[in-house]
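Content type PDB, C-alpha atoms, pLDDT in the B column, from the file model_10.pdb:
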```pdb
ATOM      1  CA  PHE Y   7     131.709  79.283  82.955  1.00 44.00           C
ATOM      2  CA  THR Y   8     133.348  81.715  80.606  1.00 45.00           C
ATOM      3  CA  LEU Y   9     136.721  83.305  80.811  1.00 49.00           C
ATOM      4  CA  SER Y  10     136.402  86.940  79.979  1.00 54.00           C
ATOM      5  CA  ILE Y  11     139.663  88.377  78.800  1.00 54.00           C
ATOM      6  CA  SER Y  12     139.408  92.097  79.265  1.00 52.00           C
ATOM      7  CA  PRO Y  13     142.667  93.548  80.514  1.00 53.00           C
ATOM      8  CA  VAL Y  14     142.185  96.257  83.076  1.00 54.00           C
ATOM      9  CA  ALA Y  15     145.054  98.592  83.829  1.00 52.00           C
ATOM     10  CA  ASP Y  16     146.883  97.692  87.043  1.00 64.00           C
ATOM     11  CA  SER Y  17     144.865  94.491  87.366  1.00 80.00           C
ATOM     12  CA  GLU Y  18     146.422  91.029  87.391  1.00 86.00           C
ATOM     13  CA  ASP Y  19     144.540  87.812  86.787  1.00 93.00           C
ATOM     14  CA  ILE Y  20     145.430  84.157  87.296  1.00 93.00           C
ATOM     15  CA  ILE Y  21     147.296  84.018  83.969  1.00 96.00           C
ATOM     16  CA  ASP Y  22     149.522  86.941  84.950  1.00 95.00           C
ATOM     17  CA  GLU Y  23     150.096  85.317  88.333  1.00 94.00           C
ATOM     18  CA  ALA Y  24     151.065  81.985  86.742  1.00 94.00           C
ATOM     19  CA  ILE Y  25     153.602  83.687  84.459  1.00 95.00           C
ATOM     20  CA  LEU Y  26     154.965  85.853  87.276  1.00 94.00           C
ATOM     21  CA  LEU Y  27     155.405  82.918  89.673  1.00 91.00           C
ATOM     22  CA  PHE Y  28     156.414  80.286  87.115  1.00 91.00           C
ATOM     23  CA  ARG Y  29     160.163  80.380  87.598  1.00 86.00           C
ATOM     24  CA  ALA Y  30     159.951  80.194  91.393  1.00 84.00           C
ATOM     25  CA  ASN Y  31     157.167  77.586  91.352  1.00 84.00           C
ATOM     26  CA  SER Y  32     159.001  75.396  88.860  1.00 82.00           C
ATOM     27  CA  PHE Y  33     161.420  74.381  91.628  1.00 78.00           C
ATOM     28  CA  PHE Y  34     158.642  72.907  93.794  1.00 74.00           C
ATOM     29  CA  ARG Y  35     158.113  69.169  93.976  1.00 74.00           C
ATOM     30  CA  ASN Y  36     155.065  69.628  96.220  1.00 76.00           C
ATOM     31  CA  PHE Y  37     152.506  72.382  96.231  1.00 76.00           C
ATOM     32  CA  GLU Y  38     150.111  73.130  99.081  1.00 81.00           C
ATOM     33  CA  ILE Y  39     146.580  73.458  97.732  1.00 83.00           C
ATOM     34  CA  LYS Y  40     144.329  75.842  99.608  1.00 90.00           C
ATOM     35  CA  GLY Y  41     141.576  76.183  97.007  1.00 86.00           C
ATOM     36  CA  GLY Y  42     140.508  76.189  93.385  1.00 87.00           C
ATOM     37  CA  ALA Y  43     142.873  79.004  92.413  1.00 89.00           C
ATOM     38  CA  ASP Y  44     145.830  76.877  93.526  1.00 89.00           C
ATOM     39  CA  ARG Y  45     144.632  73.994  91.346  1.00 91.00           C
ATOM     40  CA  LEU Y  46     144.371  76.301  88.374  1.00 93.00           C
ATOM     41  CA  LEU Y  47     147.799  77.782  89.140  1.00 93.00           C
ATOM     42  CA  ILE Y  48     149.263  74.257  89.105  1.00 90.00           C
ATOM     43  CA  TYR Y  49     147.598  73.538  85.749  1.00 93.00           C
ATOM     44  CA  LEU Y  50     148.848  76.801  84.237  1.00 95.00           C
ATOM     45  CA  THR Y  51     152.378  76.296  85.590  1.00 92.00           C
ATOM     46  CA  LEU Y  52     152.501  72.873  83.954  1.00 91.00           C
ATOM     47  CA  TYR Y  53     151.135  74.338  80.739  1.00 94.00           C
ATOM     48  CA  ILE Y  54     153.876  77.007  80.728  1.00 95.00           C
ATOM     49  CA  SER Y  55     156.451  74.209  81.094  1.00 92.00           C
ATOM     50  CA  GLU Y  56     154.883  72.465  78.120  1.00 93.00           C
ATOM     51  CA  CYS Y  57     155.015  75.656  76.057  1.00 94.00           C
ATOM     52  CA  LEU Y  58     158.685  76.209  76.839  1.00 94.00           C
ATOM     53  CA  THR Y  59     159.411  72.603  75.881  1.00 91.00           C
ATOM     54  CA  LYS Y  60     157.697  73.189  72.530  1.00 93.00           C
ATOM     55  CA  LEU Y  61     160.066  76.118  71.944  1.00 94.00           C
ATOM     56  CA  ILE Y  62     163.354  74.386  72.855  1.00 91.00           C
ATOM     57  CA  LYS Y  63     164.415  74.435  69.207  1.00 90.00           C
ATOM     58  CA  PRO Y  64     165.141  78.144  68.631  1.00 83.00           C
ATOM     59  CA  VAL Y  65     162.483  79.707  66.413  1.00 92.00           C
ATOM     60  CA  GLY Y  66     161.454  83.251  65.628  1.00 95.00           C
ATOM     61  CA  LEU Y  67     158.418  84.904  67.188  1.00 96.00           C
ATOM     62  CA  ASN Y  68     156.127  84.233  64.215  1.00 96.00           C
ATOM     63  CA  GLU Y  69     156.939  80.513  64.186  1.00 96.00           C
ATOM     64  CA  ALA Y  70     156.677  80.339  68.000  1.00 97.00           C
ATOM     65  CA  THR Y  71     153.230  81.943  67.792  1.00 97.00           C
ATOM     66  CA  LYS Y  72     152.096  79.304  65.287  1.00 97.00           C
ATOM     67  CA  ILE Y  73     153.520  76.485  67.421  1.00 96.00           C
ATOM     68  CA  LEU Y  74     151.875  77.615  70.652  1.00 97.00           C
ATOM     69  CA  ASN Y  75     148.551  78.565  69.057  1.00 96.00           C
ATOM     70  CA  THR Y  76     148.349  75.102  67.494  1.00 96.00           C
ATOM     71  CA  HIS Y  77     149.292  73.494  70.806  1.00 95.00           C
ATOM     72  CA  ALA Y  78     146.764  75.570  72.774  1.00 96.00           C
ATOM     73  CA  VAL Y  79     143.797  74.402  70.708  1.00 94.00           C
ATOM     74  CA  GLY Y  80     145.064  70.908  69.986  1.00 93.00           C
ATOM     75  CA  ASN Y  81     143.691  67.798  71.631  1.00 92.00           C
ATOM     76  CA  PHE Y  82     144.395  67.773  75.372  1.00 93.00           C
ATOM     77  CA  ALA Y  83     143.241  65.791  78.386  1.00 92.00           C
ATOM     78  CA  ILE Y  84     140.837  67.297  80.907  1.00 92.00           C
ATOM     79  CA  PRO Y  85     139.910  66.200  84.428  1.00 92.00           C
ATOM     80  CA  GLY Y  86     138.351  62.763  84.315  1.00 90.00           C
ATOM     81  CA  ASP Y  87     140.278  61.628  81.209  1.00 91.00           C
ATOM     82  CA  ALA Y  88     142.548  58.651  81.816  1.00 88.00           C
ATOM     83  CA  GLY Y  89     145.620  60.592  80.634  1.00 88.00           C
ATOM     84  CA  PHE Y  90     145.037  63.714  82.734  1.00 91.00           C
ATOM     85  CA  PRO Y  91     147.947  63.874  85.224  1.00 89.00           C
ATOM     86  CA  LEU Y  92     146.069  65.923  87.845  1.00 89.00           C
ATOM     87  CA  ASN Y  93     142.967  63.771  88.274  1.00 90.00           C
ATOM     88  CA  SER Y  94     143.615  63.509  92.010  1.00 88.00           C
ATOM     89  CA  LEU Y  95     143.345  67.313  92.294  1.00 89.00           C
ATOM     90  CA  PHE Y  96     140.325  68.012  90.090  1.00 90.00           C
ATOM     91  CA  ASP Y  97     136.750  66.761  90.124  1.00 91.00           C
ATOM     92  CA  LYS Y  98     135.534  64.965  87.028  1.00 92.00           C
ATOM     93  CA  PRO Y  99     132.873  66.977  85.153  1.00 94.00           C
ATOM     94  CA  ALA Y 100     129.430  65.804  86.298  1.00 95.00           C
ATOM     95  CA  SER Y 101     127.734  65.919  82.894  1.00 95.00           C
ATOM     96  CA  ARG Y 102     128.480  66.089  79.183  1.00 93.00           C
ATOM     97  CA  ASN Y 103     127.629  69.804  79.285  1.00 96.00           C
ATOM     98  CA  ASP Y 104     130.083  70.387  82.177  1.00 95.00           C
ATOM     99  CA  LEU Y 105     132.738  68.476  80.235  1.00 93.00           C
ATOM    100  CA  GLU Y 106     132.323  70.741  77.205  1.00 95.00           C
ATOM    101  CA  LEU Y 107     132.364  73.867  79.390  1.00 95.00           C
ATOM    102  CA  MET Y 108     135.557  72.647  81.072  1.00 93.00           C
ATOM    103  CA  ARG Y 109     137.204  71.962  77.705  1.00 94.00           C
ATOM    104  CA  GLN Y 110     136.214  75.412  76.405  1.00 95.00           C
ATOM    105  CA  TYR Y 111     137.432  77.126  79.577  1.00 94.00           C
ATOM    106  CA  LEU Y 112     140.793  75.341  79.567  1.00 95.00           C
ATOM    107  CA  SER Y 113     141.207  75.942  75.839  1.00 96.00           C
ATOM    108  CA  GLN Y 114     140.588  79.655  76.320  1.00 96.00           C
ATOM    109  CA  LEU Y 115     143.055  79.747  79.225  1.00 96.00           C
ATOM    110  CA  ARG Y 116     145.686  77.931  77.159  1.00 96.00           C
ATOM    111  CA  GLN Y 117     145.265  80.319  74.218  1.00 97.00           C
ATOM    112  CA  GLU Y 118     145.481  83.456  76.338  1.00 97.00           C
ATOM    113  CA  LEU Y 119     148.406  82.138  78.375  1.00 97.00           C
ATOM    114  CA  SER Y 120     150.280  81.242  75.169  1.00 97.00           C
ATOM    115  CA  ASN Y 121     149.863  84.775  73.822  1.00 97.00           C
ATOM    116  CA  ARG Y 122     150.936  86.465  77.056  1.00 97.00           C
ATOM    117  CA  LEU Y 123     153.845  84.078  77.526  1.00 97.00           C
ATOM    118  CA  LEU Y 124     155.213  84.841  74.068  1.00 97.00           C
ATOM    119  CA  ALA Y 125     155.018  88.556  74.825  1.00 95.00           C
ATOM    120  CA  LYS Y 126     156.969  87.931  78.014  1.00 95.00           C
ATOM    121  CA  ILE Y 127     159.729  85.623  76.760  1.00 95.00           C
ATOM    122  CA  TYR Y 128     160.404  87.090  73.315  1.00 95.00           C
ATOM    123  CA  ASP Y 129     162.426  90.235  72.860  1.00 90.00           C
ATOM    124  CA  GLY Y 130     162.190  90.949  69.186  1.00 89.00           C
ATOM    125  CA  ASP Y 131     162.599  87.681  67.317  1.00 91.00           C
ATOM    126  CA  LYS Y 132     164.616  85.774  69.927  1.00 92.00           C
ATOM    127  CA  PRO Y 133     163.449  84.020  73.093  1.00 92.00           C
ATOM    128  CA  SER Y 134     165.022  84.929  76.399  1.00 92.00           C
ATOM    129  CA  LYS Y 135     167.766  82.438  77.270  1.00 91.00           C
ATOM    130  CA  TRP Y 136     166.875  82.962  80.910  1.00 90.00           C
ATOM    131  CA  TRP Y 137     163.258  81.865  80.344  1.00 91.00           C
ATOM    132  CA  MET Y 138     164.279  79.014  78.074  1.00 92.00           C
ATOM    133  CA  SER Y 139     166.620  77.645  80.747  1.00 88.00           C
ATOM    134  CA  PHE Y 140     163.456  76.503  82.557  1.00 87.00           C
ATOM    135  CA  ALA Y 141     162.249  74.378  79.605  1.00 84.00           C
ATOM    136  CA  LYS Y 142     163.600  71.126  81.032  1.00 81.00           C
ATOM    137  CA  ARG Y 143     162.407  71.604  84.623  1.00 76.00           C
ATOM    138  CA  LYS Y 144     159.545  69.403  85.803  1.00 74.00           C
ATOM    139  CA  PHE Y 145     157.157  71.157  88.165  1.00 71.00           C
ATOM    140  CA  MET Y 146     155.920  68.675  90.788  1.00 71.00           C
ATOM    141  CA  ASN Y 147     157.835  66.038  88.795  1.00 66.00           C
ATOM    142  CA  ILE Y 148     155.141  66.116  86.066  1.00 71.00           C
ATOM    143  CA  ALA Y 149     156.259  66.507  82.461  1.00 66.00           C
ATOM    144  CA  SER Y 150     152.981  67.372  80.725  1.00 69.00           C
ATOM    145  CA  VAL Y 151     149.533  68.632  81.621  1.00 75.00           C
ATOM    146  CA  SER Y 152     148.066  67.733  78.226  1.00 74.00           C
ATOM    147  CA  GLY Y 153     148.129  64.076  79.155  1.00 65.00           C
ATOM    148  CA  VAL Y 154     149.660  60.907  77.841  1.00 51.00           C
ATOM    149  CA  GLY Y 155     148.917  60.355  74.183  1.00 48.00           C
ATOM    150  CA  TYR Y 156     147.701  63.903  73.554  1.00 42.00           C
TER
END
```
Rewrite the structure of this file - the entire thing - as structure tokens.
Amino acid sequence: FTLSISPVADSEDIIDEAILLFRANSFFRNFEIKGGADRLLIYLTLYISECLTKLIKPVGLNEATKILNTHAVGNFAIPGDAGFPLNSLFDKPASRNDLELMRQYLSQLRQELSNRLLAKIYDGDKPSKWWMSFAKRKFMNIASVSGVGY
């Protein structure tokens, strides 16, 4: 599968939804899963938490962009990896090809989410204190979606 990023006016996608609902969702310890979109929303919410944690030390927008772009494409766990914290929610890729497609899809999601998140939390060269106050919250009591050792 391929994630096509082509913004359409007045159209929200799962990334916009994750950013919009992040602050409210970050207070949940449990999350009712009704389908695949909910699983992806959980993953993206955890990734937003990770991004905010990476930006705890105040940095300007240019430095924050470098930090999150590096993090988005860095090594991260995917479903089926021993360090992936959501293995109970996701199916392990069935083949090597599926594994690579999953990694590419999640990498693309992480990159796009990082870019949109920066646009949302930075006003000029300073991050919003209100957004950054959520950096230490653990959604579903999980600290990282990238996995242990990644």
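Between CA of Ala30 in chain Y and CA of Ile148 in chain Y the separation is 15.8 Å.
Closest approach to Met108 in chain Y from the set Y:Glu23, Y:Ile84, Y:Thr51, Y:Phe90 is made by Y:Ile84, with distances taken over all atoms listed in the file.
Shortest atom-to-atom contact with Leu112 in chain Y among Y:Leu50, Y:Ala125, Y:Ile20, Y:Leu27: Y:Leu50, counting only C-alpha atoms.
Proximity of Y:Leu67, Y:Leu92, Y:Leu58, Y:Ile73 to Val151 in chain Y, computed with only C-alpha atoms, is greatest for Y:Leu92.
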Exercise. Between Y:Leu95, Y:Ile25, Y:Ser101, Y:Leu119, which is the closest to Phe37 in chain Y once you count only C-alpha atoms?
Worked result: Y:Leu95
I'd like the contact shell of Thr71 in chain Y - 12 Å cut-off, all atoms listed in the file, skipping same-chain residues fewer than 3 positions apart - returned as a compact mmCIF listing (two decimals) with C-alpha atoms, in the coordinates of the input.
```txt
# COMPACT_ATOMS: atom_id res chain seq x y z
CA CYS Y 57 155.01 75.66 76.06
CA LYS Y 60 157.70 73.19 72.53
CA LEU Y 61 160.07 76.12 71.94
CA VAL Y 65 162.48 79.71 66.41
CA GLY Y 66 161.45 83.25 65.63
CA LEU Y 67 158.42 84.90 67.19
CA ASN Y 68 156.13 84.23 64.22
CA LEU Y 74 151.88 77.61 70.65
CA ASN Y 75 148.55 78.56 69.06
CA THR Y 76 148.35 75.10 67.49
CA HIS Y 77 149.29 73.49 70.81
CA ALA Y 78 146.76 75.57 72.77
CA GLN Y 117 145.26 80.32 74.22
CA GLU Y 118 145.48 83.46 76.34
CA LEU Y 119 148.41 82.14 78.38
CA SER Y 120 150.28 81.24 75.17
CA ASN Y 121 149.86 84.78 73.82
CA ARG Y 122 150.94 86.46 77.06
CA LEU Y 123 153.84 84.08 77.53
CA LEU Y 124 155.21 84.84 74.07
CA ALA Y 125 155.02 88.56 74.82
CA ILE Y 127 159.73 85.62 76.76
CA TYR Y 128 160.40 87.09 73.32
CA ASP Y 131 162.60 87.68 67.32
CA PRO Y 133 163.45 84.02 73.09
```
Edge lengths and centre in Å to one decimal, as JSON, of the axis-aligned box that encloses all listed atoms of range 90-108 of chain Y with 8 Å added on every side?
```
{"center_x": 137.8, "center_y": 68.7, "center_z": 84.7, "size_x": 36.3, "size_y": 26.4, "size_z": 31.1}
```
